[in-house]
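Source file: data-v6.tsv (TSV, C-alpha atoms)
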chain	number	residue	atom	x	y	z
A	1	MET	CA	110.50	83.29	88.91
A	2	LEU	CA	108.48	81.69	91.70
A	3	ALA	CA	105.01	80.50	90.80
A	4	ALA	CA	101.94	81.36	92.83
A	5	PRO	CA	101.40	79.06	95.85
A	6	ALA	CA	99.35	76.37	94.15
A	7	ALA	CA	98.72	74.54	97.43
A	8	LEU	CA	96.39	77.32	98.56
A	9	SER	CA	93.36	75.85	96.82
A	10	ALA	CA	89.77	76.55	97.79
A	11	ALA	CA	90.06	73.88	100.46
A	12	SER	CA	93.21	75.28	102.06
A	13	ALA	CA	92.97	79.02	101.38
A	14	PRO	CA	93.01	81.31	104.43
A	15	VAL	CA	89.74	82.77	105.65
A	16	HIS	CA	91.20	86.23	105.28
A	17	SER	CA	93.56	87.98	102.89
A	18	PRO	CA	96.15	89.77	105.03
A	19	LEU	CA	98.74	91.07	102.54
A	20	ILE	CA	98.83	94.49	100.92
A	21	ILE	CA	101.25	94.52	97.98
A	22	ASP	CA	102.29	96.94	95.23
A	23	VAL	CA	102.12	96.72	91.45
A	24	ALA	CA	104.99	97.59	89.16
A	25	GLY	CA	103.78	100.37	86.88
A	26	THR	CA	100.88	102.27	85.32
A	27	GLU	CA	99.16	99.17	83.90
A	28	LEU	CA	98.79	95.64	85.20
A	29	THR	CA	101.23	93.07	83.92
A	30	ALA	CA	100.54	89.35	83.79
A	31	ALA	CA	102.70	88.96	86.90
A	32	ASP	CA	100.68	91.64	88.70
A	33	ARG	CA	97.42	89.86	87.84
A	34	ARG	CA	98.79	86.53	89.06
A	35	ARG	CA	99.83	88.02	92.38
A	36	LEU	CA	96.55	89.89	92.86
A	37	ALA	CA	94.67	86.63	92.33
A	38	ASP	CA	96.59	85.05	95.23
A	39	PRO	CA	94.07	84.42	98.05
A	40	LEU	CA	96.56	85.87	100.56
A	41	VAL	CA	96.42	89.29	98.89
A	42	GLY	CA	93.68	91.60	100.11
A	43	GLY	CA	95.05	95.01	99.20
A	44	VAL	CA	97.18	97.06	96.80
A	45	ILE	CA	99.16	100.21	97.58
A	46	TYR	CA	99.91	102.84	94.95
A	47	PHE	CA	103.06	104.92	94.61
A	48	THR	CA	103.98	107.86	92.39
A	49	ARG	CA	105.36	105.44	89.79
A	50	ASN	CA	101.82	104.10	89.34
A	51	TRP	CA	100.55	107.56	88.30
A	52	ARG	CA	100.51	109.15	84.87
A	53	ASP	CA	97.18	110.99	84.96
A	54	ARG	CA	93.63	110.64	86.29
A	55	ALA	CA	92.32	108.59	83.39
A	56	GLN	CA	95.19	106.13	83.71
A	57	ILE	CA	94.97	105.69	87.51
A	58	THR	CA	91.18	105.27	87.27
A	59	ALA	CA	91.64	102.56	84.62
A	60	LEU	CA	94.30	100.86	86.75
A	61	SER	CA	91.94	100.84	89.75
A	62	ALA	CA	89.18	99.32	87.61
A	63	ALA	CA	91.55	96.64	86.31
A	64	ILE	CA	92.50	95.69	89.87
A	65	LYS	CA	88.84	95.48	90.92
A	66	ALA	CA	88.19	93.27	87.90
A	67	VAL	CA	90.65	90.75	89.34
A	68	ARG	CA	89.06	90.93	92.78
A	69	PRO	CA	86.12	93.26	93.56
A	70	ASP	CA	86.85	93.45	97.30
A	71	MET	CA	90.52	94.38	96.85
A	72	LEU	CA	91.37	97.33	99.12
A	73	ILE	CA	93.16	99.91	96.94
A	74	CYS	CA	95.32	102.10	99.18
A	75	VAL	CA	97.71	105.02	98.93
A	76	ASP	CA	99.91	106.99	101.32
A	77	HIS	CA	98.39	110.40	100.61
A	78	GLU	CA	98.56	112.76	103.60
A	79	GLY	CA	99.30	116.13	102.04
A	80	GLY	CA	102.55	118.05	102.20
A	81	ARG	CA	105.56	115.99	101.16
A	82	VAL	CA	103.62	112.73	101.39
A	83	GLN	CA	101.17	113.17	98.52
A	84	ARG	CA	101.45	110.75	95.61
A	85	PHE	CA	99.25	112.57	93.08
A	86	ARG	CA	99.71	116.31	92.50
A	87	THR	CA	98.87	116.96	88.84
A	88	ASP	CA	95.95	116.71	86.40
A	89	GLY	CA	93.52	118.46	88.72
A	90	PHE	CA	94.51	116.99	92.10
A	91	THR	CA	94.53	119.62	94.85
A	92	VAL	CA	98.00	120.15	96.32
A	93	LEU	CA	97.33	119.76	100.04
A	94	PRO	CA	99.23	121.45	102.89
A	95	PRO	CA	101.18	119.44	105.47
A	96	ALA	CA	99.50	118.67	108.79
A	97	ARG	CA	101.62	121.22	110.64
A	98	ARG	CA	99.90	123.99	108.67
A	99	PHE	CA	96.68	123.13	110.51
A	100	GLY	CA	98.51	123.14	113.83
A	101	ASP	CA	99.95	126.57	113.03
A	102	CYS	CA	96.46	127.73	112.14
A	103	TRP	CA	95.26	126.52	115.56
A	104	MET	CA	97.82	128.77	117.26
A	105	ASP	CA	96.95	131.83	115.15
A	106	ASP	CA	94.22	133.24	117.36
A	107	ALA	CA	94.50	136.89	116.36
A	108	GLU	CA	90.73	137.39	116.51
A	109	GLY	CA	90.49	135.84	119.97
A	110	PHE	CA	87.79	133.58	121.48
A	111	GLY	CA	89.36	130.40	120.07
A	112	THR	CA	88.89	131.40	116.45
A	113	GLY	CA	92.30	129.96	115.52
A	114	ALA	CA	91.29	126.54	116.82
A	115	GLN	CA	87.92	126.70	115.10
A	116	ARG	CA	89.49	127.71	111.78
A	117	ALA	CA	92.06	124.90	112.09
A	118	MET	CA	89.28	122.37	112.62
A	119	ASP	CA	87.34	123.71	109.64
A	120	VAL	CA	90.29	123.59	107.24
A	121	ALA	CA	91.47	120.16	108.46
A	122	THR	CA	87.99	118.77	107.80
A	123	ALA	CA	87.82	120.48	104.40
A	124	ALA	CA	91.27	119.23	103.36
A	125	ALA	CA	90.39	115.67	104.29
A	126	PHE	CA	87.11	115.81	102.40
A	127	VAL	CA	88.88	117.13	99.28
A	128	MET	CA	91.57	114.49	99.63
A	129	GLY	CA	89.14	111.61	100.06
A	130	ALA	CA	86.74	112.77	97.35
A	131	GLU	CA	89.49	113.18	94.75
A	132	LEU	CA	91.03	109.80	95.55
A	133	ARG	CA	87.68	108.05	95.44
A	134	ALA	CA	86.85	109.67	92.09
A	135	CYS	CA	89.87	107.76	90.75
A	136	GLY	CA	88.85	104.40	92.23
A	137	ILE	CA	91.06	104.55	95.34
A	138	ASP	CA	89.47	103.20	98.51
A	139	PHE	CA	91.71	104.17	101.41
A	140	THR	CA	94.54	106.45	102.48
A	141	PHE	CA	97.02	105.98	105.33
A	142	ALA	CA	96.21	109.22	107.18
A	143	PRO	CA	96.19	111.00	109.58
A	144	VAL	CA	99.56	111.08	111.34
A	145	LEU	CA	99.04	111.06	115.13
A	146	ASP	CA	102.72	111.47	116.01
A	147	LEU	CA	103.60	114.46	118.17
A	148	ASP	CA	105.94	117.13	116.86
A	149	HIS	CA	108.81	116.96	119.36
A	150	GLY	CA	111.04	118.80	116.90
A	151	SER	CA	113.51	115.91	116.79
A	152	SER	CA	112.22	113.62	114.01
A	153	GLY	CA	113.16	114.51	110.46
A	154	VAL	CA	111.02	111.76	108.95
A	155	ILE	CA	107.92	113.02	110.80
A	156	GLY	CA	108.64	116.76	110.89
A	157	ASN	CA	105.77	118.79	109.46
A	158	ARG	CA	103.70	115.65	108.91
A	159	ALA	CA	102.68	116.07	112.59
A	160	PHE	CA	99.88	118.46	113.51
A	161	HIS	CA	101.36	119.76	116.77
A	162	ARG	CA	103.33	118.97	119.92
A	163	ASP	CA	100.23	118.98	122.14
A	164	PRO	CA	98.41	115.59	122.03
A	165	ARG	CA	95.09	117.35	122.62
A	166	VAL	CA	95.50	119.43	119.46
A	167	VAL	CA	96.69	116.36	117.53
A	168	ALA	CA	93.68	114.32	118.64
A	169	THR	CA	91.22	117.08	117.75
A	170	LEU	CA	92.66	117.74	114.29
A	171	ALA	CA	92.92	114.01	113.63
A	172	ARG	CA	89.24	113.66	114.52
A	173	CYS	CA	88.46	116.42	112.02
A	174	THR	CA	90.55	114.64	109.38
A	175	ALA	CA	88.69	111.38	110.00
A	176	HIS	CA	85.38	113.23	109.77
A	177	GLY	CA	86.32	114.86	106.46
A	178	LEU	CA	87.43	111.55	104.99
A	179	ARG	CA	84.22	109.87	106.11
A	180	GLN	CA	82.18	112.65	104.52
A	181	ALA	CA	83.89	111.56	101.29
A	182	GLY	CA	83.02	107.91	102.01
A	183	MET	CA	86.59	106.93	102.96
A	184	GLN	CA	87.99	105.40	106.14
A	185	HIS	CA	91.26	106.44	107.77
A	186	CYS	CA	94.35	105.16	109.59
A	187	GLY	CA	96.04	106.74	112.62
A	188	LYS	CA	99.81	106.30	112.62
A	189	HIS	CA	102.43	105.48	113.96
A	190	PHE	CA	101.39	103.84	117.26
A	191	PRO	CA	102.44	104.51	120.00
A	192	GLY	CA	104.45	107.43	118.55
A	193	HIS	CA	107.36	108.02	116.19
A	194	GLY	CA	107.84	111.75	116.77
A	195	HIS	CA	110.25	111.56	119.73
A	196	VAL	CA	113.08	109.63	118.03
A	197	GLN	CA	115.57	111.12	115.59
A	198	ALA	CA	116.34	107.94	113.61
A	199	ASP	CA	114.29	107.25	110.47
A	200	SER	CA	112.80	103.75	110.52
A	201	HIS	CA	113.06	103.62	106.71
A	202	THR	CA	116.86	103.50	106.99
A	203	ASP	CA	117.72	102.94	110.65
A	204	PHE	CA	116.59	101.24	113.89
A	205	PRO	CA	114.89	103.86	116.09
A	206	VAL	CA	114.83	103.28	119.86
A	207	ASP	CA	112.67	105.23	122.32
A	208	GLU	CA	113.77	104.66	125.92
A	209	ARG	CA	110.70	106.13	127.63
A	210	SER	CA	108.49	104.12	129.98
A	211	LEU	CA	105.05	102.79	129.13
A	212	ALA	CA	103.45	105.28	131.51
A	213	ALA	CA	105.28	108.20	129.87
A	214	LEU	CA	104.29	107.07	126.39
A	215	LEU	CA	100.64	106.56	127.29
A	216	ALA	CA	100.47	109.98	128.94
A	217	ASP	CA	101.96	111.81	125.96
A	218	ASP	CA	102.57	110.35	122.47
A	219	ALA	CA	99.98	107.56	122.73
A	220	ALA	CA	97.30	109.75	124.34
A	221	PRO	CA	95.54	110.49	121.00
A	222	TYR	CA	94.98	106.75	120.51
A	223	ARG	CA	93.26	106.53	123.89
A	224	TRP	CA	91.06	109.54	123.19
A	225	LEU	CA	90.18	108.41	119.65
A	226	ARG	CA	89.90	104.67	120.29
A	227	GLY	CA	86.16	104.57	119.70
A	228	MET	CA	86.31	106.15	116.24
A	229	LEU	CA	89.62	105.14	114.64
A	230	ALA	CA	89.04	102.80	111.69
A	231	ALA	CA	92.65	101.57	111.53
A	232	VAL	CA	95.97	102.00	113.29
A	233	MET	CA	99.49	101.58	111.92
A	234	PRO	CA	102.15	100.69	114.53
A	235	ALA	CA	105.64	102.18	114.42
A	236	HIS	CA	108.81	100.30	113.50
A	237	VAL	CA	110.32	101.68	116.70
A	238	VAL	CA	111.68	99.70	119.66
A	239	TYR	CA	110.51	100.81	123.11
A	240	PRO	CA	112.78	98.62	125.28
A	241	ALA	CA	111.05	99.57	128.54
A	242	VAL	CA	107.96	97.80	127.12
A	243	ASP	CA	109.26	95.15	124.67
A	244	SER	CA	112.47	94.31	122.85
A	245	ARG	CA	110.60	94.05	119.55
A	246	PRO	CA	109.46	96.99	117.40
A	247	ALA	CA	105.84	97.85	118.17
A	248	GLY	CA	104.57	96.37	114.90
A	249	PHE	CA	105.94	92.93	115.86
A	250	SER	CA	105.00	93.09	119.54
A	251	GLN	CA	102.08	91.19	121.08
A	252	ARG	CA	102.61	93.33	124.17
A	253	TRP	CA	101.98	96.55	122.25
A	254	LEU	CA	99.31	95.34	119.84
A	255	GLN	CA	97.28	92.92	121.93
A	256	GLU	CA	97.89	93.94	125.54
A	257	VAL	CA	98.17	97.72	125.18
A	258	LEU	CA	96.34	98.73	121.98
A	259	ARG	CA	93.57	96.11	122.06
A	260	ALA	CA	93.09	95.26	125.75
A	261	GLN	CA	94.21	98.39	127.61
A	262	LEU	CA	93.15	101.08	125.15
A	263	GLY	CA	90.15	99.18	123.77
A	264	PHE	CA	90.86	99.66	120.06
A	265	ASP	CA	88.82	97.25	117.90
A	266	GLY	CA	89.55	98.43	114.34
A	267	ALA	CA	92.09	97.14	111.84
A	268	ILE	CA	95.81	97.06	112.64
A	269	VAL	CA	97.95	97.53	109.52
A	270	SER	CA	101.72	97.05	109.67
A	271	ASP	CA	104.01	99.74	108.38
A	272	ASP	CA	106.02	98.85	105.27
A	273	LEU	CA	107.86	95.60	105.98
A	274	SER	CA	110.62	96.47	103.51
A	275	MET	CA	111.81	99.31	105.75
A	276	GLU	CA	115.15	98.83	107.47
A	277	ALA	CA	113.66	98.80	110.97
A	278	ALA	CA	111.36	95.91	109.95
A	279	ARG	CA	114.22	93.68	108.83
A	280	ARG	CA	115.61	92.81	112.27
A	281	ILE	CA	113.57	91.02	114.94
A	282	ASP	CA	115.06	89.73	118.20
A	283	GLY	CA	118.54	90.59	116.94
A	284	ARG	CA	118.18	88.52	113.76
A	285	THR	CA	117.89	89.67	110.16
A	286	VAL	CA	114.62	88.43	108.62
A	287	ASP	CA	113.30	88.27	105.07
A	288	HIS	CA	110.01	89.78	103.92
A	289	ALA	CA	108.00	86.62	104.54
A	290	GLU	CA	109.35	86.24	108.08
A	291	ALA	CA	108.57	89.89	108.77
A	292	ALA	CA	104.99	89.48	107.49
A	293	ILE	CA	104.47	86.31	109.51
A	294	ALA	CA	105.81	87.99	112.66
A	295	ALA	CA	103.59	91.06	112.17
A	296	LEU	CA	100.46	88.96	111.64
A	297	ALA	CA	101.28	86.66	114.55
A	298	ALA	CA	101.76	89.68	116.82
A	299	GLY	CA	98.28	90.97	116.04
A	300	CYS	CA	98.33	92.90	112.76
A	301	ASP	CA	95.31	92.25	110.57
A	302	LEU	CA	97.14	93.38	107.44
A	303	ALA	CA	100.83	93.27	106.48
A	304	LEU	CA	102.18	95.88	104.07
A	305	LEU	CA	104.85	94.80	101.54
A	306	CYS	CA	105.96	97.77	99.43
A	307	ASN	CA	108.18	98.22	96.37
A	308	GLN	CA	108.86	94.51	95.86
A	309	SER	CA	107.18	94.12	92.45
A	310	ILE	CA	109.70	96.35	90.67
A	311	GLY	CA	111.92	94.61	88.14
A	312	ASP	CA	111.48	90.84	88.11
A	313	GLY	CA	109.45	90.86	91.35
A	314	VAL	CA	111.32	87.85	92.74
A	315	PRO	CA	111.33	89.26	96.33
A	316	LEU	CA	107.55	89.63	96.25
A	317	ASP	CA	106.98	86.14	94.86
A	318	ALA	CA	109.29	84.73	97.52
A	319	ALA	CA	107.38	86.58	100.23
A	320	LEU	CA	104.03	85.29	98.95
A	321	GLU	CA	105.34	81.74	98.89
A	322	GLY	CA	106.84	82.10	102.38
A	323	VAL	CA	103.58	83.35	103.89
A	324	ALA	CA	101.64	80.62	102.06
A	325	ALA	CA	103.98	78.00	103.53
A	326	ALA	CA	103.29	79.37	107.02
A	327	TRP	CA	99.55	78.99	106.39
A	328	ARG	CA	99.96	75.46	105.10
A	329	ASP	CA	102.01	74.28	108.06
A	330	GLY	CA	99.92	76.02	110.71
A	331	ARG	CA	102.31	78.78	111.80
A	332	LEU	CA	99.60	81.23	110.76
A	333	VAL	CA	95.89	80.66	111.34
A	334	GLY	CA	93.14	82.37	109.38
A	335	SER	CA	90.92	84.88	111.14
A	336	ALA	CA	87.45	85.76	109.89
A	337	GLU	CA	87.46	88.68	112.35
A	338	SER	CA	90.61	90.07	110.75
A	339	ASP	CA	89.12	89.87	107.29
A	340	ALA	CA	85.97	91.60	108.54
A	341	ARG	CA	88.20	94.44	109.77
A	342	ARG	CA	89.86	94.59	106.33
A	343	ARG	CA	86.50	94.70	104.56
A	344	ALA	CA	85.30	97.44	106.92
A	345	LEU	CA	87.94	99.73	105.38
A	346	LEU	CA	86.27	99.48	101.95
A	347	PRO	CA	83.92	102.31	100.90
A	348	ARG	CA	80.23	101.53	101.29
A	349	ASP	CA	78.81	103.93	98.70
A	350	VAL	CA	79.44	104.83	95.09
A	351	ALA	CA	81.91	107.67	94.55
A	352	LEU	CA	81.20	110.69	92.40
A	353	PRO	CA	83.18	110.57	89.15
A	354	TRP	CA	85.66	113.41	88.63
A	355	ASP	CA	83.52	115.69	86.45
A	356	ALA	CA	80.51	115.38	88.74
A	357	LEU	CA	82.75	116.02	91.74
A	358	GLN	CA	83.87	119.37	90.31
A	359	ALA	CA	80.26	120.53	90.32
A	360	ASP	CA	79.44	119.12	93.75
A	361	ARG	CA	78.45	121.81	96.29
A	362	ARG	CA	80.24	120.24	99.25
A	363	TYR	CA	83.46	119.78	97.28
A	364	ARG	CA	83.43	123.34	96.00
A	365	LEU	CA	82.80	124.66	99.51
A	366	ALA	CA	85.62	122.53	100.95
A	367	ARG	CA	88.00	123.80	98.27
A	368	SER	CA	87.01	127.36	99.18
A	369	VAL	CA	87.60	126.78	102.91
A	370	LEU	CA	90.95	125.16	102.21
A	371	SER	CA	92.11	127.99	99.96
A	372	ALA	CA	91.72	130.43	102.85
A	373	ILE	CA	94.94	129.21	104.51
A	374	GLY	CA	96.99	129.32	101.28

Would you write the structure of this file as structure tokens?
Amino acid sequence: MLAAPAALSAASAPVHSPLIIDVAGTELTAADRRRLADPLVGGVIYFTRNWRDRAQITALSAAIKAVRPDMLICVDHEGGRVQRFRTDGFTVLPPARRFGDCWMDDAEGFGTGAQRAMDVATAAAFVMGAELRACGIDFTFAPVLDLDHGSSGVIGNRAFHRDPRVVATLARCTAHGLRQAGMQHCGKHFPGHGHVQADSHTDFPVDERSLAALLADDAAPYRWLRGMLAAVMPAHVVYPAVDSRPAGFSQRWLQEVLRAQLGFDGAIVSDDLSMEAARRIDGRTVDHAEAAIAALAAGCDLALLCNQSIGDGVPLDAALEGVAAAWRDGRLVGSAESDARRRALLPRDVALPWDALQADRRYRLARSVLSAIG
């Protein structure tokens, strides 16, 4: 097994920690602790395999923070079919489309469907964020800003609606609810994954539309929300009319369009670099380290490496060593601004523990509002 990159001493360590990695199970192993102590690692992402119950996940979060207090503990927890924790008291949350359907149900007239949709989206996000934070989790990759074109199986009911105006409004409500719980948020998958049929987990999606068409439709929520989005996750989709590289590896998309043209100044977090669509760049198959280096060089502040610690963890150790080598030889340069954007995703207040949360007035009210849509 590869050792940790010893050459990254205090004198040569990067000024920011751009990698988000996973851990193998429900407790930290010695290998997990070694990897978390790597100065390149600034975040951890949980999966269902990391969950047994609330007491266990809370203890795991505390153990991670004991290794590094500013570690960003993340999870992909949207509601619907993308919800990692569903038992031991966690509220089972509806998919985003349920809020979009609620928007369209205006039986009482005068926009009451839209108002109810905004109320329940805010309530659901508050419940989600408060429950996660009560278990020591800092951040969730939500909301989905993709439009529901009816063609993407991987997005499907994870999207709020087809209309970008409805998506932007309900996403704003989601962000507000999460912030009420002391948690930041991440809009995904820029500039839009909802139009393509192929699943970037297993295939290489291509969207042939022009930049103007994308900005007017799928990417419109990012323009409208640019001043309040905390983080954005780019899609592993190729838009050949704009760039031959997937958006998450494209300086054109990340620096020229998202940063310069749209004015976004929050954190950019790559999608999972173990996905099939992240393994080919410029027609060449790349390993995890090359994918992480390419994502960071293109403009991502954080690179997400998922499901590589399972078993002997050799792929993850190889990726850490490969990224460390790029830092040592100057192919990657540290960015204090990027690390500031990572740190800005950390909660700034102390979370209510689970038992206190159950008695909290705002939480009980949010649960009541959410229950009204079934």

Exercise. May I have the residues within 6 Å of segment 73-89 of chain A as number ranges by chain, using all atoms listed in the file and disregarding those fewer than 4 positions away in the same chain?
Key: A: 43-46, 48, 93-95, 137-142

Quiz prompt | Protein and nucleic acid residues near (98.9, 103.3, 112.8) (cut-off 10 Å, only C-alpha atoms) as a PyMOL selection string | solution = chain A and resi 141-146+185-192+222+229-235+248+267-271

Quiz item: Which residues, protein or nucleic acid, reach to within 12 Å of (86.0, 111.5, 90.5) in the file's coordinates when using only C-alpha atoms, and can you give that as a count of residues only?
Solution: 31

Compile a residue-level contact table for segment 309-365 of chain A against segment 23-29 of chain A at a cut-off of 9 Å, reporting for every qualifying residue the shortest atom pair and its distance in Å to one decimal, with all atoms listed in the file counted, rows ordered by chain and ascending number, as a tab-separated table.
residue	atom	partner	partner_atom	distance
A:Ser309	CA	A:Ala24	CA	5.3
A:Ile310	CA	A:Ala24	CA	5.1
A:Gly311	CA	A:Ala24	CA	7.6
A:Gly313	CA	A:Ala24	CA	8.4

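Using only C-alpha atoms, the nearest neighbour of Ala277 of chain A within the list A:Gln115, A:Ser200, A:Thr169, A:Ser61 is A:Ser200.
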
Residue contacts of segment 194-196 of chain A (8 Å, all atoms listed in the file) excluding same-chain residues fewer than 6 positions away, as a PDB file with C-alpha atoms, in the coordinates of the input:
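Once everything was written out, this is out.pdb:
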ATOM      1  CA  ASP A 146     102.720 111.470 116.010  1.00  0.00           C
ATOM      2  CA  LEU A 147     103.600 114.460 118.170  1.00  0.00           C
ATOM      3  CA  ASP A 148     105.940 117.130 116.860  1.00  0.00           C
ATOM      4  CA  HIS A 149     108.810 116.960 119.360  1.00  0.00           C
ATOM      5  CA  GLY A 150     111.040 118.800 116.900  1.00  0.00           C
ATOM      6  CA  SER A 151     113.510 115.910 116.790  1.00  0.00           C
ATOM      7  CA  SER A 152     112.220 113.620 114.010  1.00  0.00           C
ATOM      8  CA  ILE A 155     107.920 113.020 110.800  1.00  0.00           C
ATOM      9  CA  GLY A 156     108.640 116.760 110.890  1.00  0.00           C
ATOM     10  CA  ALA A 159     102.680 116.070 112.590  1.00  0.00           C
ATOM     11  CA  PRO A 205     114.890 103.860 116.090  1.00  0.00           C
ATOM     12  CA  VAL A 206     114.830 103.280 119.860  1.00  0.00           C
ATOM     13  CA  ASP A 207     112.670 105.230 122.320  1.00  0.00           C
ATOM     14  CA  ASP A 218     102.570 110.350 122.470  1.00  0.00           C
TER      15      ASP A 218
END

Exercise. Counting all atoms listed in the file, figure out which residue out of A:Asp265, A:Gly283, A:Arg348, A:Trp224 gets nearest to Val238 of chain A.
Key: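 Closest residue, counting all atoms listed in the file: A:Gly283.
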
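Nearest to Val333 of chain A of all the residues A:Leu211, A:Ile293, A:Leu225, A:Ala319 is A:Ile293, counting only C-alpha atoms.
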
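Interatomic distance, atom CA of Gln251 of chain A against atom CA of Arg279 of chain A: 17.4 Å.
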
Quiz item: Please, what distance in Å, to one decimal, runs between atom CA of Leu305 of chain A and atom CA of Leu258 of chain A?
Solution: 22.5 Å

Quiz item: Using only C-alpha atoms, which of A:Arg362, A:Arg342, A:Lys65, A:Arg280 sits nearest Val15 of chain A?
Solution: A:Arg342

Practice problem: Could you tell me how far atom CA of Ala31 of chain A lies from atom CA of Ser335 of chain A, in Å and to one decimal? | Solution: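 Value for the atom CA of Ala31 of chain A-atom CA of Ser335 of chain A distance: 27.3 Å.
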
Quiz item: Which one of A:Leu254, A:Ile373, A:Val237, A:Ala216 sits closest to Asp105 of chain A if you count only C-alpha atoms?
Solution: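 Nearest candidate to Asp105 of chain A out of A:Leu254, A:Ile373, A:Val237, A:Ala216: A:Ile373.
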
Quiz prompt | Option closest in space to Arg98 of chain A, from A:Met118, A:Ala291, A:Leu40, A:Ala59 [counting only C-alpha atoms] | solution =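 Of A:Met118, A:Ala291, A:Leu40, A:Ala59, the one nearest Arg98 of chain A, counting only C-alpha atoms, is A:Met118.
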
Grab all the atoms of segment 29-32 of chain A that the file lists, wrap them in a box along x, y and z, add 8 Å per side, and give me centre plus edge lengths in Å (one decimal) as JSON.
{"center_x": 101.6, "center_y": 91.0, "center_z": 86.2, "size_x": 18.2, "size_y": 20.1, "size_z": 20.9}

Any chance you could model N, CA, C and O atoms for segment 46-58 of chain A and send them as a PDB file, in the coordinates of the input?
ATOM      1  N   TYR A  46      99.368 102.079  96.075  1.00  0.00           N
ATOM      2  CA  TYR A  46      99.910 102.840  94.950  1.00  0.00           C
ATOM      3  C   TYR A  46     101.078 103.724  95.397  1.00  0.00           C
ATOM      4  O   TYR A  46     101.119 104.205  96.541  1.00  0.00           O
ATOM      5  N   PHE A  47     101.968 103.975  94.437  1.00  0.00           N
ATOM      6  CA  PHE A  47     103.060 104.920  94.610  1.00  0.00           C
ATOM      7  C   PHE A  47     103.057 105.886  93.421  1.00  0.00           C
ATOM      8  O   PHE A  47     102.301 105.702  92.461  1.00  0.00           O
ATOM      9  N   THR A  48     103.926 106.884  93.480  1.00  0.00           N
ATOM     10  CA  THR A  48     103.980 107.860  92.390  1.00  0.00           C
ATOM     11  C   THR A  48     104.269 107.199  91.056  1.00  0.00           C
ATOM     12  O   THR A  48     103.787 107.654  90.007  1.00  0.00           O
ATOM     13  N   ARG A  49     105.039 106.121  91.065  1.00  0.00           N
ATOM     14  CA  ARG A  49     105.360 105.440  89.790  1.00  0.00           C
ATOM     15  C   ARG A  49     104.130 104.834  89.134  1.00  0.00           C
ATOM     16  O   ARG A  49     104.156 104.519  87.942  1.00  0.00           O
ATOM     17  N   ASN A  50     103.055 104.652  89.899  1.00  0.00           N
ATOM     18  CA  ASN A  50     101.820 104.100  89.340  1.00  0.00           C
ATOM     19  C   ASN A  50     100.949 105.165  88.682  1.00  0.00           C
ATOM     20  O   ASN A  50      99.903 104.843  88.122  1.00  0.00           O
ATOM     21  N   TRP A  51     101.370 106.424  88.761  1.00  0.00           N
ATOM     22  CA  TRP A  51     100.550 107.560  88.300  1.00  0.00           C
ATOM     23  C   TRP A  51     101.091 108.134  86.993  1.00  0.00           C
ATOM     24  O   TRP A  51     102.281 108.411  86.858  1.00  0.00           O
ATOM     25  N   ARG A  52     100.207 108.332  86.031  1.00  0.00           N
ATOM     26  CA  ARG A  52     100.510 109.150  84.870  1.00  0.00           C
ATOM     27  C   ARG A  52      99.512 110.306  84.800  1.00  0.00           C
ATOM     28  O   ARG A  52      99.882 111.454  84.682  1.00  0.00           O
ATOM     29  N   ASP A  53      98.228 109.968  84.911  1.00  0.00           N
ATOM     30  CA  ASP A  53      97.180 110.990  84.960  1.00  0.00           C
ATOM     31  C   ASP A  53      95.920 110.340  85.530  1.00  0.00           C
ATOM     32  O   ASP A  53      95.894 109.144  85.840  1.00  0.00           O
ATOM     33  N   ARG A  54      94.850 111.143  85.653  1.00  0.00           N
ATOM     34  CA  ARG A  54      93.630 110.640  86.290  1.00  0.00           C
ATOM     35  C   ARG A  54      92.992 109.506  85.503  1.00  0.00           C
ATOM     36  O   ARG A  54      92.523 108.516  86.092  1.00  0.00           O
ATOM     37  N   ALA A  55      92.944 109.640  84.194  1.00  0.00           N
ATOM     38  CA  ALA A  55      92.320 108.590  83.390  1.00  0.00           C
ATOM     39  C   ALA A  55      93.063 107.271  83.554  1.00  0.00           C
ATOM     40  O   ALA A  55      92.445 106.205  83.682  1.00  0.00           O
ATOM     41  N   GLN A  56      94.381 107.352  83.579  1.00  0.00           N
ATOM     42  CA  GLN A  56      95.190 106.130  83.710  1.00  0.00           C
ATOM     43  C   GLN A  56      95.010 105.483  85.074  1.00  0.00           C
ATOM     44  O   GLN A  56      94.826 104.264  85.184  1.00  0.00           O
ATOM     45  N   ILE A  57      95.057 106.279  86.165  1.00  0.00           N
ATOM     46  CA  ILE A  57      94.970 105.690  87.510  1.00  0.00           C
ATOM     47  C   ILE A  57      93.558 105.134  87.741  1.00  0.00           C
ATOM     48  O   ILE A  57      93.373 104.114  88.419  1.00  0.00           O
ATOM     49  N   THR A  58      92.551 105.774  87.155  1.00  0.00           N
ATOM     50  CA  THR A  58      91.180 105.270  87.270  1.00  0.00           C
ATOM     51  C   THR A  58      91.043 103.933  86.543  1.00  0.00           C
ATOM     52  O   THR A  58      90.404 102.992  87.043  1.00  0.00           O
TER      53      THR A  58
END
